[in-house]
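**Q** For reference, this is query.tsv, and it has TSV, C-alpha atoms and all ligand atoms.
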chain	number	residue	atom	x	y	z
J	448	MET	CA	60.08	-1.20	-46.59
J	449	LYS	CA	62.14	-4.14	-45.33
J	450	VAL	CA	62.02	-5.06	-41.64
J	451	VAL	CA	65.08	-6.55	-39.93
J	452	HIS	CA	64.27	-8.72	-36.92
J	453	SER	CA	66.04	-11.42	-34.92
J	454	PRO	CA	64.31	-14.00	-32.70
J	455	LEU	CA	67.38	-13.76	-30.43
J	456	HIS	CA	65.84	-10.64	-28.85
J	457	ALA	CA	63.92	-13.02	-26.58
J	458	ARG	CA	67.19	-14.09	-24.90
J	459	HIS	CA	67.00	-10.80	-22.95
J	460	ASP	CA	64.18	-11.55	-20.50
J	461	GLY	CA	63.21	-12.26	-16.95
J	462	GLY	CA	64.76	-9.43	-15.00
J	463	LYS	CA	63.31	-6.96	-12.58
J	464	GLU	CA	63.94	-3.25	-12.45
J	465	LEU	CA	63.92	-0.68	-9.70
J	466	HIS	CA	60.81	1.43	-10.33
J	467	ARG	CA	59.51	4.04	-7.86
J	468	GLY	CA	61.13	2.29	-4.93
J	469	GLU	CA	60.13	-1.25	-5.79
J	470	LEU	CA	61.57	-4.14	-7.78
J	471	VAL	CA	58.97	-4.80	-10.47
J	472	PRO	CA	58.94	-6.92	-13.64
J	473	CYS	CA	60.71	-5.10	-16.49
J	474	PHE	CA	58.56	-2.87	-18.68
J	475	GLU	CA	60.97	-3.67	-21.52
J	476	MET	CA	59.71	-7.22	-22.19
J	477	PRO	CA	60.03	-9.68	-25.12
J	478	VAL	CA	56.35	-9.52	-26.08
J	479	ARG	CA	56.98	-5.93	-27.28
J	480	ALA	CA	58.95	-7.20	-30.26
J	481	ASP	CA	56.52	-10.08	-30.87
J	482	TYR	CA	53.60	-7.65	-31.17
J	483	ILE	CA	55.53	-5.28	-33.44
J	484	LEU	CA	56.53	-8.22	-35.65
J	485	LYS	CA	52.89	-9.31	-35.85
J	486	ALA	CA	51.73	-5.82	-36.86
J	487	VAL	CA	54.37	-5.22	-39.54
J	488	THR	CA	53.81	-8.70	-40.95
J	489	ARG	CA	50.07	-8.07	-41.11
J	490	ALA	CA	50.81	-4.76	-42.86
J	491	GLY	CA	52.64	-6.74	-45.56
J	492	PHE	CA	56.26	-5.73	-44.82
J	493	GLU	CA	58.98	-8.21	-45.78
J	494	VAL	CA	60.90	-9.47	-42.72
J	495	LEU	CA	64.62	-10.41	-42.89
J	496	GLU	CA	67.09	-11.76	-40.34
J	497	PRO	CA	70.15	-9.62	-39.63
J	498	ARG	CA	73.51	-10.19	-41.31
J	499	SER	CA	76.47	-10.54	-39.00
J	500	PHE	CA	79.15	-7.90	-38.63
J	501	PRO	CA	82.68	-7.93	-37.22
J	502	GLN	CA	83.26	-6.82	-33.62
J	503	GLU	CA	85.05	-3.74	-35.00
J	504	SER	CA	81.72	-2.30	-36.20
J	505	LEU	CA	80.71	-1.99	-32.53
J	506	LEU	CA	84.00	-0.28	-31.68
J	507	ARG	CA	83.22	2.53	-34.15
J	508	VAL	CA	80.93	3.98	-31.45
J	509	HIS	CA	81.71	2.01	-28.27
J	510	ASP	CA	84.73	1.55	-25.99
J	511	ALA	CA	86.47	-1.85	-26.24
J	512	GLY	CA	86.57	-2.43	-22.46
J	513	PHE	CA	82.87	-1.63	-22.22
J	514	VAL	CA	81.95	-4.07	-24.99
J	515	GLU	CA	84.08	-6.74	-23.32
J	516	PHE	CA	82.30	-6.07	-20.01
J	517	LEU	CA	78.88	-6.53	-21.63
J	518	ARG	CA	80.01	-9.73	-23.37
J	519	THR	CA	81.41	-11.39	-20.24
J	520	ALA	CA	79.51	-9.83	-17.31
J	521	HIS	CA	76.93	-12.53	-16.76
J	522	ALA	CA	79.44	-15.38	-17.12
J	523	GLU	CA	81.56	-13.73	-14.40
J	524	TRP	CA	78.49	-13.42	-12.22
J	525	GLN	CA	77.77	-17.14	-12.72
J	526	ALA	CA	81.40	-18.03	-11.97
J	527	LEU	CA	80.84	-16.48	-8.52
J	528	GLY	CA	77.99	-18.92	-8.02
J	529	LYS	CA	75.26	-16.36	-8.67
J	530	GLN	CA	72.36	-16.62	-11.05
J	531	GLY	CA	69.49	-14.51	-12.36
J	532	PHE	CA	69.55	-10.82	-13.14
J	533	MET	CA	72.41	-8.46	-12.30
J	534	LEU	CA	71.70	-4.91	-11.12
J	535	PRO	CA	74.31	-2.41	-9.92
J	536	SER	CA	73.92	-0.64	-6.58
J	537	GLY	CA	76.82	1.82	-6.48
J	538	PHE	CA	77.89	4.42	-9.03
J	539	PRO	CA	80.91	6.75	-9.43
J	540	ALA	CA	79.06	9.98	-8.59
J	541	ARG	CA	80.61	13.29	-7.34
J	542	GLY	CA	83.74	12.88	-5.27
J	543	LEU	CA	84.27	9.24	-6.24
J	544	ARG	CA	86.96	7.94	-8.60
J	545	ARG	CA	86.24	7.52	-12.28
J	546	ASP	CA	89.86	6.97	-13.33
J	547	HIS	CA	89.94	3.43	-11.98
J	548	ILE	CA	87.76	0.52	-13.01
J	549	PRO	CA	87.26	-1.88	-10.08
J	550	SER	CA	88.25	-5.49	-10.83
J	551	GLY	CA	85.25	-7.04	-9.05
J	552	ILE	CA	82.05	-7.53	-11.01
J	553	ASN	CA	79.82	-5.36	-8.78
J	554	GLY	CA	82.14	-2.36	-8.96
J	555	ARG	CA	82.68	-2.81	-12.68
J	556	MET	CA	78.91	-3.01	-13.22
J	557	GLY	CA	78.39	0.25	-11.31
J	558	TYR	CA	81.23	1.88	-13.26
J	559	TYR	CA	79.64	1.19	-16.65
J	560	ALA	CA	75.95	1.59	-15.64
J	561	PHE	CA	74.01	4.73	-14.77
J	562	ASP	CA	70.81	3.29	-13.31
J	563	ALA	CA	69.25	0.30	-11.57
J	564	SER	CA	66.55	-0.30	-14.16
J	565	THR	CA	68.69	-2.21	-16.66
J	566	PRO	CA	69.25	-5.82	-15.59
J	567	ILE	CA	71.76	-8.06	-17.34
J	568	VAL	CA	70.67	-11.71	-17.67
J	569	GLU	CA	72.36	-14.72	-19.26
J	570	GLY	CA	71.09	-13.92	-22.76
J	571	THR	CA	71.47	-10.14	-22.65
J	572	TRP	CA	74.66	-9.98	-24.70
J	573	GLU	CA	73.26	-12.29	-27.41
J	574	ALA	CA	70.10	-10.17	-27.68
J	575	ALA	CA	71.90	-6.81	-27.60
J	576	LEU	CA	74.34	-7.98	-30.26
J	577	ALA	CA	71.47	-9.23	-32.45
J	578	ALA	CA	69.72	-5.85	-32.07
J	579	ALA	CA	72.93	-4.05	-33.09
J	580	HIS	CA	73.15	-6.34	-36.12
J	581	CYS	CA	69.52	-5.54	-37.01
J	582	ALA	CA	70.35	-1.81	-37.01
J	583	LEU	CA	73.58	-2.33	-38.99
J	584	THR	CA	71.70	-4.49	-41.53
J	585	ALA	CA	68.97	-1.87	-41.98
J	586	ALA	CA	71.68	0.78	-42.51
J	587	ALA	CA	73.46	-1.53	-44.99
J	588	LEU	CA	70.21	-2.00	-46.95
J	589	VAL	CA	69.77	1.77	-47.21
J	590	SER	CA	73.44	2.23	-48.17
J	591	GLU	CA	72.81	-0.29	-50.96
J	592	GLY	CA	69.97	1.76	-52.38
J	593	GLU	CA	66.78	0.97	-50.39
J	594	LYS	CA	64.83	4.20	-49.75
J	595	SER	CA	64.04	3.11	-46.20
J	596	ALA	CA	64.38	0.19	-43.79
J	597	TYR	CA	63.18	-0.62	-40.28
J	598	ALA	CA	65.32	-2.30	-37.61
J	599	LEU	CA	63.03	-4.00	-35.09
J	600	CYS	CA	65.58	-3.71	-32.29
J	601	ARG	CA	65.14	-5.13	-28.83
J	602	PRO	CA	66.68	-4.28	-26.40
J	603	PRO	CA	66.61	-0.60	-27.39
J	604	GLY	CA	69.78	1.50	-27.64
J	605	HIS	CA	69.52	5.28	-27.34
J	606	HIS	CA	70.51	5.52	-23.65
J	607	ALA	CA	73.73	3.56	-24.26
J	608	GLY	CA	76.77	5.82	-24.59
J	609	HIS	CA	80.37	5.29	-25.65
J	610	SER	CA	81.09	3.33	-22.43
J	611	LEU	CA	77.78	3.52	-20.60
J	612	TYR	CA	74.66	1.37	-20.32
J	613	GLY	CA	71.28	2.07	-18.75
J	614	GLY	CA	67.66	2.86	-19.56
J	615	TYR	CA	67.11	-0.71	-20.84
J	616	CYS	CA	69.91	-0.08	-23.41
J	617	PHE	CA	73.30	-1.79	-23.88
J	618	LEU	CA	74.57	-1.10	-27.41
J	619	ASN	CA	73.46	2.05	-29.22
J	620	ASN	CA	71.68	0.61	-32.27
J	621	ALA	CA	70.80	3.98	-33.82
J	622	ALA	CA	74.35	5.33	-33.39
J	623	LEU	CA	75.71	2.17	-35.01
J	624	ALA	CA	73.33	2.65	-37.96
J	625	ALA	CA	74.35	6.32	-38.34
J	626	GLN	CA	78.05	5.44	-38.17
J	627	HIS	CA	77.58	2.65	-40.73
J	628	LEU	CA	76.03	5.15	-43.15
J	629	ARG	CA	78.97	7.52	-42.54
J	630	ASP	CA	81.41	4.69	-43.23
J	631	ARG	CA	79.58	3.84	-46.48
J	632	GLY	CA	80.01	7.35	-47.86
J	633	PHE	CA	76.96	9.25	-46.60
J	634	ALA	CA	78.79	12.45	-45.65
J	635	ARG	CA	76.10	14.00	-43.46
J	636	VAL	CA	73.72	11.94	-41.35
J	637	ALA	CA	70.85	13.38	-39.29
J	638	LEU	CA	69.61	11.42	-36.29
J	639	LEU	CA	66.13	12.31	-35.07
J	640	ASP	CA	65.08	10.81	-31.73
J	641	VAL	CA	61.32	10.83	-31.11
J	642	ASP	CA	61.31	8.51	-28.09
J	643	TYR	CA	59.65	9.99	-24.97
J	644	HIS	CA	62.99	9.87	-23.15
J	645	HIS	CA	66.07	11.86	-24.10
J	646	GLY	CA	68.63	9.82	-26.07
J	647	ASN	CA	71.52	10.68	-23.75
J	648	GLY	CA	73.73	7.90	-25.17
J	649	THR	CA	73.36	9.03	-28.76
J	650	GLN	CA	74.02	12.63	-27.75
J	651	ASP	CA	77.15	11.51	-25.85
J	652	ILE	CA	78.48	9.58	-28.86
J	653	PHE	CA	78.08	12.41	-31.39
J	654	TRP	CA	78.57	15.39	-29.00
J	655	GLU	CA	81.77	16.67	-30.62
J	656	ARG	CA	80.92	15.79	-34.22
J	657	SER	CA	79.56	17.96	-37.02
J	658	ASP	CA	78.99	15.09	-39.48
J	659	VAL	CA	76.07	13.67	-37.46
J	660	LEU	CA	73.32	16.07	-36.42
J	661	PHE	CA	71.46	14.88	-33.31
J	662	VAL	CA	67.94	16.24	-32.80
J	663	SER	CA	65.71	15.00	-29.98
J	664	ILE	CA	62.11	15.69	-28.98
J	665	HIS	CA	61.49	14.33	-25.49
J	666	ALA	CA	59.98	14.88	-22.06
J	667	THR	CA	61.83	17.43	-19.95
J	668	PRO	CA	64.59	15.88	-17.83
J	669	GLU	CA	63.54	18.26	-15.03
J	670	THR	CA	60.94	15.63	-14.11
J	671	GLU	CA	61.57	12.72	-16.48
J	672	TYR	CA	64.19	10.04	-16.97
J	673	PRO	CA	67.18	10.25	-17.68
J	674	TYR	CA	67.14	13.46	-15.55
J	675	PHE	CA	70.78	14.47	-16.12
J	676	LEU	CA	70.91	15.19	-19.86
J	677	GLY	CA	68.58	16.52	-22.54
J	678	TYR	CA	68.19	20.19	-21.58
J	679	ALA	CA	67.72	22.83	-24.27
J	680	ASP	CA	71.05	24.53	-23.56
J	681	GLU	CA	73.03	21.41	-24.58
J	682	ARG	CA	74.14	22.19	-28.15
J	683	GLY	CA	77.31	20.15	-28.73
J	684	ALA	CA	80.97	21.03	-28.19
J	685	GLY	CA	84.12	21.64	-30.23
J	686	ALA	CA	83.55	20.77	-33.89
J	687	GLY	CA	80.11	19.53	-32.82
J	688	GLU	CA	78.94	22.86	-31.42
J	689	GLY	CA	75.51	23.59	-32.89
J	690	TYR	CA	75.05	19.97	-34.08
J	691	THR	CA	72.97	18.85	-31.09
J	692	LEU	CA	69.42	20.18	-30.73
J	693	ASN	CA	67.26	19.29	-27.74
J	694	LEU	CA	63.55	20.10	-27.74
J	695	PRO	CA	62.28	19.16	-24.27
J	696	LEU	CA	58.50	19.31	-23.66
J	697	PRO	CA	56.51	19.14	-20.42
J	698	ARG	CA	54.54	16.16	-19.11
J	699	GLY	CA	51.06	16.14	-20.59
J	700	THR	CA	52.16	17.37	-24.05
J	701	VAL	CA	49.52	16.74	-26.73
J	702	TRP	CA	49.90	16.39	-30.51
J	703	LYS	CA	49.44	20.11	-31.23
J	704	GLU	CA	52.56	21.06	-29.25
J	705	TYR	CA	54.41	17.92	-30.22
J	706	SER	CA	53.71	18.69	-33.86
J	707	ALA	CA	55.15	22.21	-33.47
J	708	ALA	CA	58.35	20.73	-31.98
J	709	LEU	CA	58.45	18.28	-34.89
J	710	ASN	CA	58.35	21.26	-37.29
J	711	THR	CA	61.30	22.85	-35.47
J	712	ALA	CA	63.19	19.53	-35.64
J	713	MET	CA	62.42	19.09	-39.35
J	714	ASP	CA	63.56	22.66	-40.12
J	715	ALA	CA	66.90	22.01	-38.37
J	716	ILE	CA	67.31	18.74	-40.26
J	717	GLY	CA	66.35	20.40	-43.54
J	718	SER	CA	68.98	23.17	-43.05
J	719	PHE	CA	71.62	20.51	-42.32
J	720	SER	CA	70.69	18.86	-45.69
J	721	PRO	CA	71.61	15.32	-44.67
J	722	ASP	CA	72.43	12.49	-47.08
J	723	ALA	CA	70.59	10.07	-44.80
J	724	LEU	CA	68.31	10.09	-41.78
J	725	VAL	CA	68.20	7.72	-38.81
J	726	VAL	CA	65.04	7.84	-36.69
J	727	SER	CA	65.19	6.58	-33.10
J	728	LEU	CA	61.59	5.45	-33.10
J	729	GLY	CA	60.15	5.21	-29.61
J	730	VAL	CA	56.37	5.12	-29.35
J	731	ASP	CA	56.26	5.72	-25.60
J	732	THR	CA	54.85	9.17	-26.46
J	733	TYR	CA	51.52	7.31	-26.69
J	734	GLU	CA	48.78	8.36	-24.24
J	735	GLY	CA	48.43	4.80	-22.96
J	736	ASP	CA	52.10	4.30	-22.10
J	737	PRO	CA	52.53	3.06	-18.50
J	738	ILE	CA	55.80	4.92	-17.73
J	739	SER	CA	55.38	8.09	-19.81
J	740	ALA	CA	53.16	11.19	-19.78
J	741	PHE	CA	52.72	12.58	-23.31
J	742	LYS	CA	49.27	12.33	-24.88
J	743	LEU	CA	49.73	11.26	-28.50
J	744	ALA	CA	46.84	9.20	-29.88
J	745	GLN	CA	47.04	6.28	-32.34
J	746	GLU	CA	46.02	8.50	-35.28
J	747	HIS	CA	49.09	10.71	-34.78
J	748	TYR	CA	51.67	8.04	-35.62
J	749	PRO	CA	50.79	7.81	-39.35
J	750	GLN	CA	50.89	11.62	-39.42
J	751	MET	CA	54.36	11.55	-37.87
J	752	GLY	CA	55.48	9.09	-40.55
J	753	GLN	CA	54.06	11.23	-43.37
J	754	ARG	CA	55.84	14.28	-42.04
J	755	LEU	CA	59.20	12.45	-41.87
J	756	ALA	CA	58.75	11.30	-45.48
J	757	GLY	CA	58.61	14.99	-46.40
J	758	LEU	CA	62.36	15.25	-45.75
J	759	LYS	CA	62.87	13.05	-48.84
J	760	VAL	CA	66.06	11.47	-47.51
J	761	PRO	CA	67.01	7.74	-47.33
J	762	THR	CA	65.78	6.73	-43.87
J	763	VAL	CA	66.63	4.03	-41.35
J	764	PHE	CA	64.07	3.54	-38.58
J	765	VAL	CA	65.44	1.99	-35.39
J	766	GLN	CA	63.08	0.76	-32.67
J	767	GLU	CA	63.53	2.32	-29.22
J	768	GLY	CA	60.86	2.43	-26.46
J	769	GLY	CA	57.11	1.90	-26.21
J	770	TYR	CA	55.62	0.02	-23.26
J	771	ALA	CA	51.87	-0.01	-23.96
J	772	VAL	CA	52.32	-3.49	-25.42
J	773	ASP	CA	48.77	-3.97	-26.71
J	774	GLU	CA	49.05	-0.93	-28.98
J	775	ILE	CA	52.79	-0.94	-29.70
J	776	GLY	CA	52.44	-2.81	-33.01
J	777	THR	CA	49.71	-0.53	-34.34
J	778	ASN	CA	51.64	2.59	-33.36
J	779	VAL	CA	54.93	1.46	-34.92
J	780	ALA	CA	53.26	0.17	-38.10
J	781	GLY	CA	51.33	3.47	-38.19
J	782	VAL	CA	54.56	5.49	-38.45
J	783	LEU	CA	56.04	3.18	-41.09
J	784	GLU	CA	52.87	3.08	-43.21
J	785	GLY	CA	52.44	6.84	-42.87
J	786	PHE	CA	56.03	7.23	-44.11
J	787	LEU	CA	55.17	5.11	-47.15
J	788	HIS	CA	51.94	7.13	-47.61
J	789	LYS	CA	49.90	4.00	-47.13
J	790	ARG	CA	47.57	5.75	-44.74
J	801	LIG	C1	63.95	3.56	-22.13
J	801	LIG	B1	63.53	4.14	-23.47
J	801	LIG	C2	60.81	3.54	-14.49
J	801	LIG	C3	61.67	4.78	-14.48
J	801	LIG	C4	62.41	4.92	-15.76
J	801	LIG	C5	63.99	3.80	-17.24
J	801	LIG	C6	63.25	4.24	-18.44
J	801	LIG	C7	64.00	3.84	-19.67
J	801	LIG	C8	63.29	4.19	-20.94
J	801	LIG	N1	61.45	2.48	-13.83
J	801	LIG	N2	63.22	3.79	-16.02
J	801	LIG	O1	63.92	5.46	-23.69
J	801	LIG	O2	62.17	3.97	-23.80
J	802	ZN	ZN	61.68	5.90	-23.98
Translate this file's structure into structure tokens.

**A**
Amino acid sequence: MKVVHSPLHARHDGGKELHRGELVPCFEMPVRADYILKAVTRAGFEVLEPRSFPQESLLRVHDAGFVEFLRTAHAEWQALGKQGFMLPSGFPARGLRRDHIPSGINGRMGYYAFDASTPIVEGTWEAALAAAHCALTAAALVSEGEKSAYALCRPPGHHAGHSLYGGYCFLNNAALAAQHLRDRGFARVALLDVDYHHGNGTQDIFWERSDVLFVSIHATPETEYPYFLGYADERGAGAGEGYTLNLPLPRGTVWKEYSAALNTAMDAIGSFSPDALVVSLGVDTYEGDPISAFKLAQEHYPQMGQRLAGLKVPTVFVQEGGYAVDEIGTNVAGVLEGFLHKR
């Protein structure tokens, strides 16, 4: 399996996030990708740099004004004499206007963001764009006949919606990969999200579509981030009704229950009979994760990979979360090697 990685991921660094009432160093840090790269290299995977893609590829799933905001936000911030990380502090919640985008940078930031845990720094755009290109390249490889590919994306993407950023995510890498496969003739694409957190952005992007099935196994939003999407009664709308499946699980979930949810997810994907599969691969379901509360052990990741291989569909893996940095490489490589039946 080929791995697509860009050293530009490291340009997104140095911010703080609001966590349980305090500004703390970001959990989503550059060393995550370094450790994953080390593990997949040690496992013998070939590593490639991403190709570049025209801006229009981003606009297949994102709003043009939103993309322009991400591209220019930090430069505008600097032009006002500010430096360092940008965090929003006001959002268009109930009773406030959403039909007008404020011209000032703070208002515009709050308009496009949905949390205060996703700082923008000088290199954020460069890193997010490189991650999107990693996902698009992995999808291109699969569209050209590879059986599988892995996009080592950082920053992650599944919380980023059509015109929304948050949850450490700016551009939705997995949605871009799925759309690329659609545009290259794969008529039906399934997107399985196994990150601990619900992929609200991916769900938003494909909500009204029947050509992309979105299935997510995640911690219940009753108690877990992103709180306001990911409930079991969300099933898609319009043409997309029945093409979103959420399988929320409680804090403390262990492999036995996780594995049962994975069976349900695989059955739904099997009935959809996709031409390709995109996996939003977060490994923050790990028992040692500092911001999550599932209890998967290291040995379960190869088993997860083996199970996914059972679908026998061309597969693009896209990196999402995972914050137990010391074990992140082993857990990711475990899924990929399990998929290839190497363990
Ligand atoms: C991104 B991904 C801790 C509370 C949660 C955002 C979590 C984003 C997870 N500050 N903050 O899905 O792994
Ligand atoms: Zn996550």

**Q** Which residue, J:Met533, J:Ala780, J:Ala486, J:Ala563, has the smallest gap to ligand LIG 801 (chain J) when you use all atoms listed in the file?

**A**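 Of the candidates, the smallest distance to ligand LIG 801 (chain J) is held by J:Ala563.
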
**Q** Could you list, as a PyMOL selection string, all the residues within 6 Å of ligand ZN 802 (chain J), counting only C-alpha atoms and all ligand atoms?

**A** chain J and resi 642-644+729+731+768

**Q** Output, as lines of an AutoDock Vina configuration file, the centre and edge lengths in Å (one decimal) of the axis-aligned box that contains all listed atoms of ligand LIG 801 (chain J) with 4 Å of margin on each side.

**A**
center_x = 62.4
center_y = 4.0
center_z = -18.8
size_x = 11.2
size_y = 11.0
size_z = 18.0

**Q** Mind pulling up the distance from CA of Ser564 (chain J) to atom C6 of ligand LIG 801 (chain J)?

**A**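 Interatomic distance here is 7.1 Å.
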
**Q** Quick one: pull the distance between CA of Leu639 (chain J) and CA of Gly757 (chain J), Å, one decimal.

**A**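 These two atoms are separated by 13.9 Å.
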
**Q** Considering all atoms listed in the file, give me a table of residues in chain J that are at most 8 Å from ligand LIG 801 (chain J), with the closest atom pair and distance in Å for each, as a tab-separated table.

**A**
residue	atom	partner	partner_atom	distance
J:Glu464	CA	J:LIG801	N1	6.4
J:Leu465	CA	J:LIG801	N1	5.8
J:His466	CA	J:LIG801	N1	3.7
J:Arg467	CA	J:LIG801	N1	6.5
J:Phe474	CA	J:LIG801	N1	7.8
J:Glu475	CA	J:LIG801	C1	7.8
J:Asp562	CA	J:LIG801	C5	7.9
J:Ser564	CA	J:LIG801	N2	5.6
J:Thr565	CA	J:LIG801	C5	7.7
J:Pro603	CA	J:LIG801	B1	6.9
J:Gly604	CA	J:LIG801	B1	8.0
J:His605	CA	J:LIG801	O1	6.7
J:His606	CA	J:LIG801	O1	6.6
J:Gly613	CA	J:LIG801	C7	7.5
J:Gly614	CA	J:LIG801	C7	3.8
J:Tyr615	CA	J:LIG801	C1	5.5
J:Cys616	CA	J:LIG801	C1	7.1
J:Asp642	CA	J:LIG801	O1	6.0
J:Tyr643	CA	J:LIG801	O1	6.4
J:His644	CA	J:LIG801	O1	4.5
J:His645	CA	J:LIG801	O1	6.8
J:Gly646	CA	J:LIG801	O1	6.8
J:Glu671	CA	J:LIG801	C4	7.9
J:Tyr672	CA	J:LIG801	C4	5.6
J:Pro673	CA	J:LIG801	C5	7.2
J:Gly729	CA	J:LIG801	O2	6.3
J:Asp731	CA	J:LIG801	O2	6.4
J:Ile738	CA	J:LIG801	C2	6.1
J:Glu767	CA	J:LIG801	O2	5.8
J:Gly768	CA	J:LIG801	O2	3.3
J:Gly769	CA	J:LIG801	O2	6.0
J:Tyr770	CA	J:LIG801	O2	7.7

**Q** Mind dumping the selected residues with C-alpha atoms as a compact mmCIF listing (two decimals), keeping the file's coordinate frame?

**A**
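The resulting file, part-v9.txt, is shown below:
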# COMPACT_ATOMS: atom_id res chain seq x y z
CA GLU J 464 63.94 -3.25 -12.45
CA LEU J 465 63.92 -0.68 -9.70
CA HIS J 466 60.81 1.43 -10.33
CA ARG J 467 59.51 4.04 -7.86
CA PHE J 474 58.56 -2.87 -18.68
CA GLU J 475 60.97 -3.67 -21.52
CA ASP J 562 70.81 3.29 -13.31
CA SER J 564 66.55 -0.30 -14.16
CA THR J 565 68.69 -2.21 -16.66
CA PRO J 603 66.61 -0.60 -27.39
CA GLY J 604 69.78 1.50 -27.64
CA HIS J 605 69.52 5.28 -27.34
CA HIS J 606 70.51 5.52 -23.65
CA GLY J 613 71.28 2.07 -18.75
CA GLY J 614 67.66 2.86 -19.56
CA TYR J 615 67.11 -0.71 -20.84
CA CYS J 616 69.91 -0.08 -23.41
CA ASP J 642 61.31 8.51 -28.09
CA TYR J 643 59.65 9.99 -24.97
CA HIS J 644 62.99 9.87 -23.15
CA HIS J 645 66.07 11.86 -24.10
CA GLY J 646 68.63 9.82 -26.07
CA GLU J 671 61.57 12.72 -16.48
CA TYR J 672 64.19 10.04 -16.97
CA PRO J 673 67.18 10.25 -17.68
CA GLY J 729 60.15 5.21 -29.61
CA ASP J 731 56.26 5.72 -25.60
CA ILE J 738 55.80 4.92 -17.73
CA GLU J 767 63.53 2.32 -29.22
CA GLY J 768 60.86 2.43 -26.46
CA GLY J 769 57.11 1.90 -26.21
CA TYR J 770 55.62 0.02 -23.26

**Q** Using CA of Ser504 (chain J) and CA of Gly557 (chain J) as the two end points, give the distance in Å to one decimal.

**A** 25.2 Å

**Q** Ranking J:Leu743, J:Leu694, J:Ala634, J:Val772 by minimum distance to Asp722 (chain J) and counting all atoms listed in the file, which one comes first?

**A**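 So, comparing all the options, the nearest one is J:Ala634.
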